[in-house]
>>> print(open('my_file.txt').read())   # compact mmCIF, C-alpha atoms
# COMPACT_ATOMS: atom_id res chain seq x y z
CA LEU A 1 -25.84 7.75 4.15
CA GLN A 2 -25.54 4.28 5.68
CA GLN A 3 -23.16 3.18 2.91
CA ALA A 4 -21.03 6.29 3.44
CA GLN A 5 -20.88 5.62 7.19
CA ASP A 6 -19.96 1.97 6.61
CA GLN A 7 -17.20 2.89 4.19
CA ARG A 8 -15.84 5.54 6.55
CA LEU A 9 -15.83 3.00 9.39
CA GLN A 10 -13.91 0.54 7.23
CA SER A 11 -11.50 3.29 6.20
CA GLU A 12 -10.88 4.18 9.85
CA ARG A 13 -10.27 0.53 10.66
CA MET A 14 -7.77 0.29 7.82
CA ALA A 15 -6.02 3.41 9.13
CA SER A 16 -5.79 1.86 12.61
CA ILE A 17 -4.42 -1.39 11.17
CA GLY A 18 -1.99 0.68 9.12
CA GLN A 19 -0.70 2.49 12.22
CA LEU A 20 -0.26 -0.84 14.03
CA ALA A 21 1.51 -2.39 11.04
CA SER A 22 3.76 0.64 10.74
CA GLY A 23 4.75 0.35 14.39
CA VAL A 24 5.44 -3.37 14.09
CA ALA A 25 7.48 -2.79 10.92
CA HIS A 26 9.52 -0.12 12.71
CA GLU A 27 10.29 -2.48 15.59
CA ILE A 28 11.27 -5.28 13.21
CA ASN A 29 13.45 -2.91 11.22
CA ASN A 30 15.95 -2.42 14.07
CA PRO A 31 16.93 -6.10 14.60
CA ILE A 32 16.95 -6.62 10.83
CA GLY A 33 19.52 -3.83 10.58
CA TYR A 34 22.01 -5.33 12.98
CA VAL A 35 21.49 -8.91 11.76
CA GLN A 36 22.18 -7.70 8.22
CA SER A 37 25.29 -5.88 9.42
CA ASN A 38 26.49 -8.90 11.42
CA ILE A 39 26.11 -11.23 8.44
CA GLY A 40 28.21 -8.86 6.34
CA THR A 41 30.90 -8.76 9.05
CA LEU A 42 30.81 -12.57 9.39
CA ASP A 43 31.31 -12.90 5.63
CA ARG A 44 34.44 -10.74 5.80
CA TYR A 45 35.76 -12.70 8.80
CA LEU A 46 35.29 -15.97 6.92
CA ASP A 47 37.29 -14.65 3.99
CA GLY A 48 40.19 -13.98 6.35
CA ILE A 49 39.90 -17.36 8.08
CA PHE A 50 39.89 -19.28 4.80
CA ASP A 51 42.88 -17.28 3.57
CA VAL A 52 44.79 -18.35 6.71
CA ILE A 53 43.77 -21.98 6.16
CA ALA A 54 45.00 -21.78 2.56
CA CYS A 55 48.36 -20.45 3.75
CA HIS A 56 48.66 -23.32 6.25
CA GLU A 57 47.90 -25.81 3.47
CA ALA A 58 50.61 -24.29 1.31
CA ALA A 59 53.11 -24.45 4.17
CA GLN A 60 52.23 -28.00 5.23
CA ALA A 61 54.61 -29.60 2.74
CA SER A 62 57.54 -27.85 4.40
CA ILE A 63 56.78 -29.33 7.82
CA ALA A 64 59.57 -31.78 8.59
CA ASP A 65 57.78 -33.76 11.29
CA PRO A 66 55.70 -36.52 9.59
CA ALA A 67 53.69 -37.09 12.77
CA LEU A 68 52.61 -33.42 12.80
CA ARG A 69 51.66 -33.58 9.13
CA ALA A 70 49.58 -36.68 9.84
CA ARG A 71 47.82 -34.93 12.73
CA ILE A 72 47.00 -31.96 10.48
CA ASP A 73 45.62 -34.27 7.77
CA ALA A 74 43.51 -36.14 10.33
CA ALA A 75 42.15 -32.90 11.77
CA ARG A 76 41.30 -31.63 8.28
CA GLN A 77 39.46 -34.83 7.42
CA ALA A 78 37.62 -34.89 10.74
CA ALA A 79 36.44 -31.34 10.24
CA ASP A 80 35.63 -32.04 6.56
CA ILE A 81 37.20 -28.64 5.95
CA TYR A 82 36.68 -28.53 2.17
CA PHE A 83 32.97 -29.25 2.47
CA VAL A 84 32.62 -26.75 5.32
CA ARG A 85 34.44 -24.08 3.31
CA ASP A 86 32.02 -24.39 0.39
CA ASP A 87 28.90 -24.92 2.50
CA VAL A 88 29.48 -22.03 4.87
CA ARG A 89 29.75 -19.64 1.93
CA ALA A 90 26.44 -20.96 0.58
CA LEU A 91 24.84 -20.59 4.02
CA VAL A 92 26.01 -17.00 4.36
CA ALA A 93 24.81 -16.18 0.84
CA GLN A 94 21.39 -17.69 1.58
CA SER A 95 21.20 -15.79 4.88
CA LYS A 96 22.06 -12.54 3.11
CA ASP A 97 19.35 -13.18 0.54
CA GLY A 98 16.81 -14.06 3.23
CA ILE A 99 17.47 -11.01 5.39
CA THR A 100 17.39 -8.78 2.30
CA ARG A 101 13.95 -10.16 1.44
CA VAL A 102 12.71 -9.57 4.99
CA ALA A 103 14.05 -6.01 4.89
CA LYS A 104 12.25 -5.43 1.57
CA ILE A 105 8.97 -6.73 3.01
CA VAL A 106 9.32 -4.49 6.07
CA SER A 107 10.09 -1.51 3.85
CA ASP A 108 7.04 -2.23 1.68
CA LEU A 109 4.88 -2.73 4.77
CA LYS A 110 5.95 0.63 6.18
CA GLY A 111 5.06 2.28 2.88
CA TYR A 112 1.72 0.50 2.69
CA ALA A 113 0.85 1.16 6.32
CA ARG A 114 1.52 4.88 6.21
CA SER A 115 -1.49 6.73 7.60
CA THR A 116 -3.86 7.70 4.80
CA SER A 117 -6.13 10.03 6.76
CA ASP A 118 -3.95 13.09 6.10
CA GLU A 119 -1.91 11.81 3.16
CA ALA A 120 -1.04 14.56 0.71
CA TRP A 121 -1.62 14.38 -3.02
CA GLN A 122 1.68 13.68 -4.74
CA PRO A 123 3.09 12.35 -8.02
CA ALA A 124 3.74 8.64 -7.59
CA ASP A 125 5.13 5.67 -9.49
CA LEU A 126 2.21 3.24 -9.75
CA HIS A 127 4.54 0.40 -10.74
CA ALA A 128 6.43 0.78 -7.46
CA GLY A 129 3.13 0.67 -5.57
CA LEU A 130 2.01 -2.45 -7.44
CA ASP A 131 5.32 -4.23 -6.79
CA SER A 132 5.44 -3.37 -3.09
CA THR A 133 1.81 -4.37 -2.54
CA LEU A 134 2.35 -7.61 -4.44
CA ASN A 135 5.30 -8.34 -2.18
CA ILE A 136 3.12 -7.91 0.91
CA VAL A 137 0.36 -10.26 -0.27
CA TRP A 138 2.71 -12.75 -1.95
CA ASN A 139 1.99 -15.45 0.63
CA GLU A 140 -1.69 -15.29 -0.36
CA ILE A 141 -0.82 -15.78 -4.03
CA LYS A 142 2.31 -17.91 -4.41
CA TYR A 143 0.70 -21.32 -3.82
CA LYS A 144 -2.24 -20.69 -6.14
CA ALA A 145 -1.18 -18.55 -9.05
CA GLU A 146 1.61 -17.40 -11.28
CA VAL A 147 1.86 -13.64 -11.71
CA ALA A 148 2.44 -12.13 -15.15
CA LYS A 149 3.32 -8.45 -15.44
CA HIS A 150 2.72 -6.40 -18.56
CA PHE A 151 3.74 -2.91 -17.48
CA GLY A 152 3.52 -0.08 -19.98
CA GLU A 153 5.19 3.31 -19.82
CA LEU A 154 3.51 5.33 -17.07
CA PRO A 155 4.19 8.92 -16.08
CA PRO A 156 4.01 9.85 -12.38
CA VAL A 157 0.33 9.87 -11.39
CA GLU A 158 -0.99 12.46 -8.94
CA CYS A 159 -2.61 10.45 -6.15
CA ARG A 160 -2.56 9.36 -2.53
CA PRO A 161 -0.21 6.37 -2.92
CA SER A 162 -1.06 4.50 0.28
CA GLN A 163 -4.76 4.63 -0.54
CA LEU A 164 -4.15 3.20 -4.00
CA ASN A 165 -2.05 0.45 -2.44
CA GLN A 166 -5.16 -0.56 -0.50
CA VAL A 167 -7.04 -0.79 -3.80
CA PHE A 168 -4.31 -2.94 -5.35
CA MET A 169 -4.20 -5.17 -2.27
CA ASN A 170 -7.94 -5.84 -2.41
CA LEU A 171 -7.78 -6.65 -6.13
CA PHE A 172 -4.79 -9.00 -5.69
CA VAL A 173 -6.34 -10.86 -2.75
CA ASN A 174 -9.70 -11.18 -4.51
CA ALA A 175 -7.97 -12.52 -7.63
CA ALA A 176 -6.08 -15.12 -5.58
CA GLN A 177 -9.21 -16.18 -3.70
CA ALA A 178 -11.13 -16.58 -6.97
CA ILE A 179 -8.64 -19.24 -8.12
CA ARG A 180 -9.50 -22.63 -6.67
CA ARG A 181 -6.38 -24.60 -7.59
CA GLN A 182 -3.77 -23.18 -9.96
CA GLY A 183 -4.13 -20.20 -12.24
CA THR A 184 -2.65 -16.94 -13.44
CA ILE A 185 -2.98 -13.36 -12.27
CA THR A 186 -2.03 -10.85 -14.93
CA ILE A 187 -1.21 -7.26 -13.97
CA SER A 188 -1.14 -4.75 -16.82
CA THR A 189 -0.77 -0.98 -17.01
CA GLY A 190 -1.03 1.68 -19.66
CA VAL A 191 -2.03 5.23 -20.59
CA ASP A 192 -5.01 6.43 -22.58
CA GLY A 193 -5.06 10.18 -23.08
CA ALA A 194 -5.07 11.98 -19.75
CA ARG A 195 -5.69 8.80 -17.75
CA ALA A 196 -3.54 5.91 -16.60
CA TRP A 197 -5.01 2.46 -16.07
CA VAL A 198 -4.14 -0.59 -14.00
CA GLU A 199 -5.71 -3.94 -14.85
CA VAL A 200 -5.81 -7.06 -12.67
CA ALA A 201 -7.06 -10.19 -14.46
CA ASP A 202 -7.42 -13.66 -13.02
CA THR A 203 -8.26 -17.13 -14.38
CA GLY A 204 -10.56 -17.89 -11.46
CA GLU A 205 -14.17 -18.96 -11.08
CA GLY A 206 -15.65 -15.71 -12.38
CA ILE A 207 -18.64 -13.78 -11.05
CA GLU A 208 -22.25 -14.69 -11.69
CA PRO A 209 -24.03 -12.10 -13.89
CA ALA A 210 -26.67 -11.60 -11.17
CA HIS A 211 -23.92 -10.59 -8.72
CA LEU A 212 -21.87 -8.42 -11.02
CA GLY A 213 -23.89 -5.26 -10.40
CA HIS A 214 -23.62 -5.59 -6.61
CA ILE A 215 -19.95 -6.36 -5.99
CA PHE A 216 -19.08 -2.77 -5.02
CA GLU A 217 -21.92 -2.52 -2.51
CA PRO A 218 -20.86 -2.53 1.16
CA PHE A 219 -21.28 -5.92 2.87
CA PHE A 220 -22.13 -7.72 -0.38
CA THR A 221 -20.08 -10.91 -0.63
CA THR A 222 -20.39 -14.28 -2.30
CA LYS A 223 -17.89 -15.83 0.13
CA PRO A 224 -18.98 -18.20 2.92
CA VAL A 225 -19.84 -16.74 6.32
CA GLY A 226 -16.66 -15.75 8.13
CA LYS A 227 -14.59 -15.65 4.93
CA GLY A 228 -15.26 -12.08 3.85
CA THR A 229 -16.71 -8.78 5.09
CA GLY A 230 -17.97 -7.51 1.74
CA LEU A 231 -16.16 -4.21 2.34
CA GLY A 232 -12.94 -4.68 0.36
CA LEU A 233 -14.28 -3.76 -3.08
CA ALA A 234 -16.58 -1.10 -1.59
CA LEU A 235 -13.57 0.57 -0.01
CA ALA A 236 -11.62 0.24 -3.28
CA TYR A 237 -14.49 1.83 -5.18
CA GLY A 238 -14.64 4.72 -2.70
CA ILE A 239 -10.91 5.37 -2.97
CA VAL A 240 -10.98 5.34 -6.77
CA LYS A 241 -13.99 7.67 -6.75
CA ASP A 242 -12.12 10.07 -4.43
CA HIS A 243 -9.34 10.07 -7.02
CA ALA A 244 -11.85 11.17 -9.69
CA GLY A 245 -11.29 7.78 -11.30
CA GLU A 246 -13.29 4.83 -12.51
CA ILE A 247 -13.22 1.11 -11.80
CA THR A 248 -14.64 -1.34 -14.31
CA VAL A 249 -15.17 -5.09 -14.17
CA LYS A 250 -15.74 -7.82 -16.73
CA SER A 251 -16.25 -11.44 -15.78
CA THR A 252 -17.06 -14.78 -17.36
CA VAL A 253 -18.15 -17.65 -15.14
CA GLY A 254 -15.59 -20.42 -15.24
CA LYS A 255 -12.99 -18.31 -17.05
CA GLY A 256 -12.10 -15.39 -14.81
CA THR A 257 -12.51 -11.73 -13.98
CA VAL A 258 -10.83 -8.52 -15.11
CA PHE A 259 -10.80 -5.35 -12.99
CA ARG A 260 -9.50 -2.16 -14.51
CA VAL A 261 -8.81 1.00 -12.49
CA TRP A 262 -8.73 4.27 -14.42
CA LEU A 263 -6.96 7.22 -12.79
CA PRO A 264 -6.43 10.78 -13.98
CA ILE A 265 -2.75 11.59 -14.35
CA ARG A 266 -3.43 15.09 -13.04
CA GLN A 267 -6.17 15.82 -10.53
CA ALA A 268 -6.91 19.46 -11.40
CA ALA A 269 -8.47 18.74 -14.80
CA ALA A 270 -10.24 15.61 -13.59
CA ARG A 271 -12.09 17.32 -10.74
CA ALA A 272 -14.38 19.09 -13.20
CA GLN A 273 -15.47 15.79 -14.75
CA ALA A 274 -18.15 13.31 -13.69
CA PRO A 275 -17.54 11.04 -10.66
CA ALA A 276 -16.55 7.41 -10.95
CA THR A 277 -19.02 4.89 -12.32
CA ILE A 278 -19.31 1.13 -12.31
CA ALA A 279 -19.13 -0.51 -15.72
CA SER A 280 -19.28 -4.12 -16.79
>>> encode(input="my_file.txt", output="structure tokens")
Amino acid sequence: LQQAQDQRLQSERMASIGQLASGVAHEINNPIGYVQSNIGTLDRYLDGIFDVIACHEAAQASIADPALRARIDAARQAADIYFVRDDVRALVAQSKDGITRVAKIVSDLKGYARSTSDEAWQPADLHAGLDSTLNIVWNEIKYKAEVAKHFGELPPVECRPSQLNQVFMNLFVNAAQAIRRQGTITISTGVDGARAWVEVADTGEGIEPAHLGHIFEPFFTTKPVGKGTGLGLALAYGIVKDHAGEITVKSTVGKGTVFRVWLPIRQAAARAQAPATIAS
């Protein structure tokens, strides 16, 4: 009963954080929209300006006054117009790329943060959920690990997508935290019969055999005080169980850990089967 209460409390906290994140993402989305539009307009304006400059260059030879031609040449050299022409295009292109990335992060955050308390069951693309969640936690990963994707062919899986995104987030963050210096996180997917599976493997420190049977227990953590709540994997386990699924773990100290999440493709048939179990 205590474990159930703890997990529900953590779930409610995640829902509150999700609502806050959704609101922040919505507020960010508005300025992103007009900045993106302004950059596009600026790019078109620059095209016109550089066309005019090109026409002036073509007409310069026909200017009879040598003093005026000299002034134009001096002004062009002072402005370093050829460098500016090339550099400003690169700057605009980089700005477009940057604002597009920010917009993608905000979009993924809004999808992740959607309230899960009343989320309906729906067919979902697990690969899209993995990619969007990976994008959100990328700052946690990019300095420590390379990410390798081995995605198989997956049909739409009946689930609560935002809840599964929380599972993926916990697995990604745990994998990154298990890697001390540099390593690899491998994300794989596939289908086996009526179930789809998602696997997250890391080349981190691994889990001690004595701890392996406790990692899904609420408040159990091997991290230093203040570094972890011990609720991330417990919440993930609860979500997978609610999906009539299974989460398994294999680990070798010094070599890494592999989590695999099994999910029924259709919920109706799976509900008659046994609840999720922990395997190692």
>>> residues_around(input="my_file.txt", residues="A:Val198", least_positions_apart="2", cutoff="12 Å", atoms="only C-alpha atoms", output="JSON, numbers by chain")
{"A": [126, 127, 129, 130, 149, 150, 151, 152, 153, 154, 157, 164, 165, 167, 168, 171, 172, 186, 187, 188, 189, 190, 191, 192, 195, 196, 200, 201, 240, 245, 246, 247, 248, 249, 258, 259, 260, 261, 262, 263, 264]}
>>> atom_distance(input="my_file.txt", atom1="atom CA of A:Arg85", atom2="atom CA of A:His56")
14.5 Å
>>> atom_distance(input="my_file.txt", atom1="atom CA of A:Asp242", atom2="atom CA of A:Pro161")
12.6 Å
>>> residues_around(input="my_file.txt", residues="A:Cys159", least_positions_apart="4", cutoff="9 Å", atoms="only C-alpha atoms", output="list in words")
Ala120, Trp121, Gln122, Pro123, Ala124, Gln163, Leu164, His243, Leu263, Pro264, Ile265, Arg266 and Gln267 of chain A
>>> atom_distance(input="my_file.txt", atom1="atom CA of A:Pro31", atom2="atom CA of A:Ile141")
27.5 Å
>>> axis_aligned_box(input="my_file.txt", around="stretch 237-244 of chain A", padding_each_side="4 Å", output="JSON")
{"center_x": -12.0, "center_y": 6.5, "center_z": -6.2, "size_x": 13.3, "size_y": 17.3, "size_z": 15.0}
>>> residues_around(input="my_file.txt", residues="stretch 94-100 of chain A", least_positions_apart="5", cutoff="12 Å", atoms="all atoms listed in the file", output="PDB file with C-alpha atoms, keeping the file's coordinate frame")
ATOM      1  CA  ILE A  28      11.270  -5.280  13.210  1.00  0.00           C
ATOM      2  CA  ASN A  29      13.450  -2.910  11.220  1.00  0.00           C
ATOM      3  CA  PRO A  31      16.930  -6.100  14.600  1.00  0.00           C
ATOM      4  CA  ILE A  32      16.950  -6.620  10.830  1.00  0.00           C
ATOM      5  CA  GLY A  33      19.520  -3.830  10.580  1.00  0.00           C
ATOM      6  CA  TYR A  34      22.010  -5.330  12.980  1.00  0.00           C
ATOM      7  CA  VAL A  35      21.490  -8.910  11.760  1.00  0.00           C
ATOM      8  CA  GLN A  36      22.180  -7.700   8.220  1.00  0.00           C
ATOM      9  CA  SER A  37      25.290  -5.880   9.420  1.00  0.00           C
ATOM     10  CA  ASN A  38      26.490  -8.900  11.420  1.00  0.00           C
ATOM     11  CA  ILE A  39      26.110 -11.230   8.440  1.00  0.00           C
ATOM     12  CA  GLY A  40      28.210  -8.860   6.340  1.00  0.00           C
ATOM     13  CA  THR A  41      30.900  -8.760   9.050  1.00  0.00           C
ATOM     14  CA  LEU A  42      30.810 -12.570   9.390  1.00  0.00           C
ATOM     15  CA  ASP A  43      31.310 -12.900   5.630  1.00  0.00           C
ATOM     16  CA  ASP A  87      28.900 -24.920   2.500  1.00  0.00           C
ATOM     17  CA  VAL A  88      29.480 -22.030   4.870  1.00  0.00           C
ATOM     18  CA  ARG A  89      29.750 -19.640   1.930  1.00  0.00           C
ATOM     19  CA  ILE A 105       8.970  -6.730   3.010  1.00  0.00           C
ATOM     20  CA  VAL A 106       9.320  -4.490   6.070  1.00  0.00           C
ATOM     21  CA  SER A 107      10.090  -1.510   3.850  1.00  0.00           C
TER      22      SER A 107
END
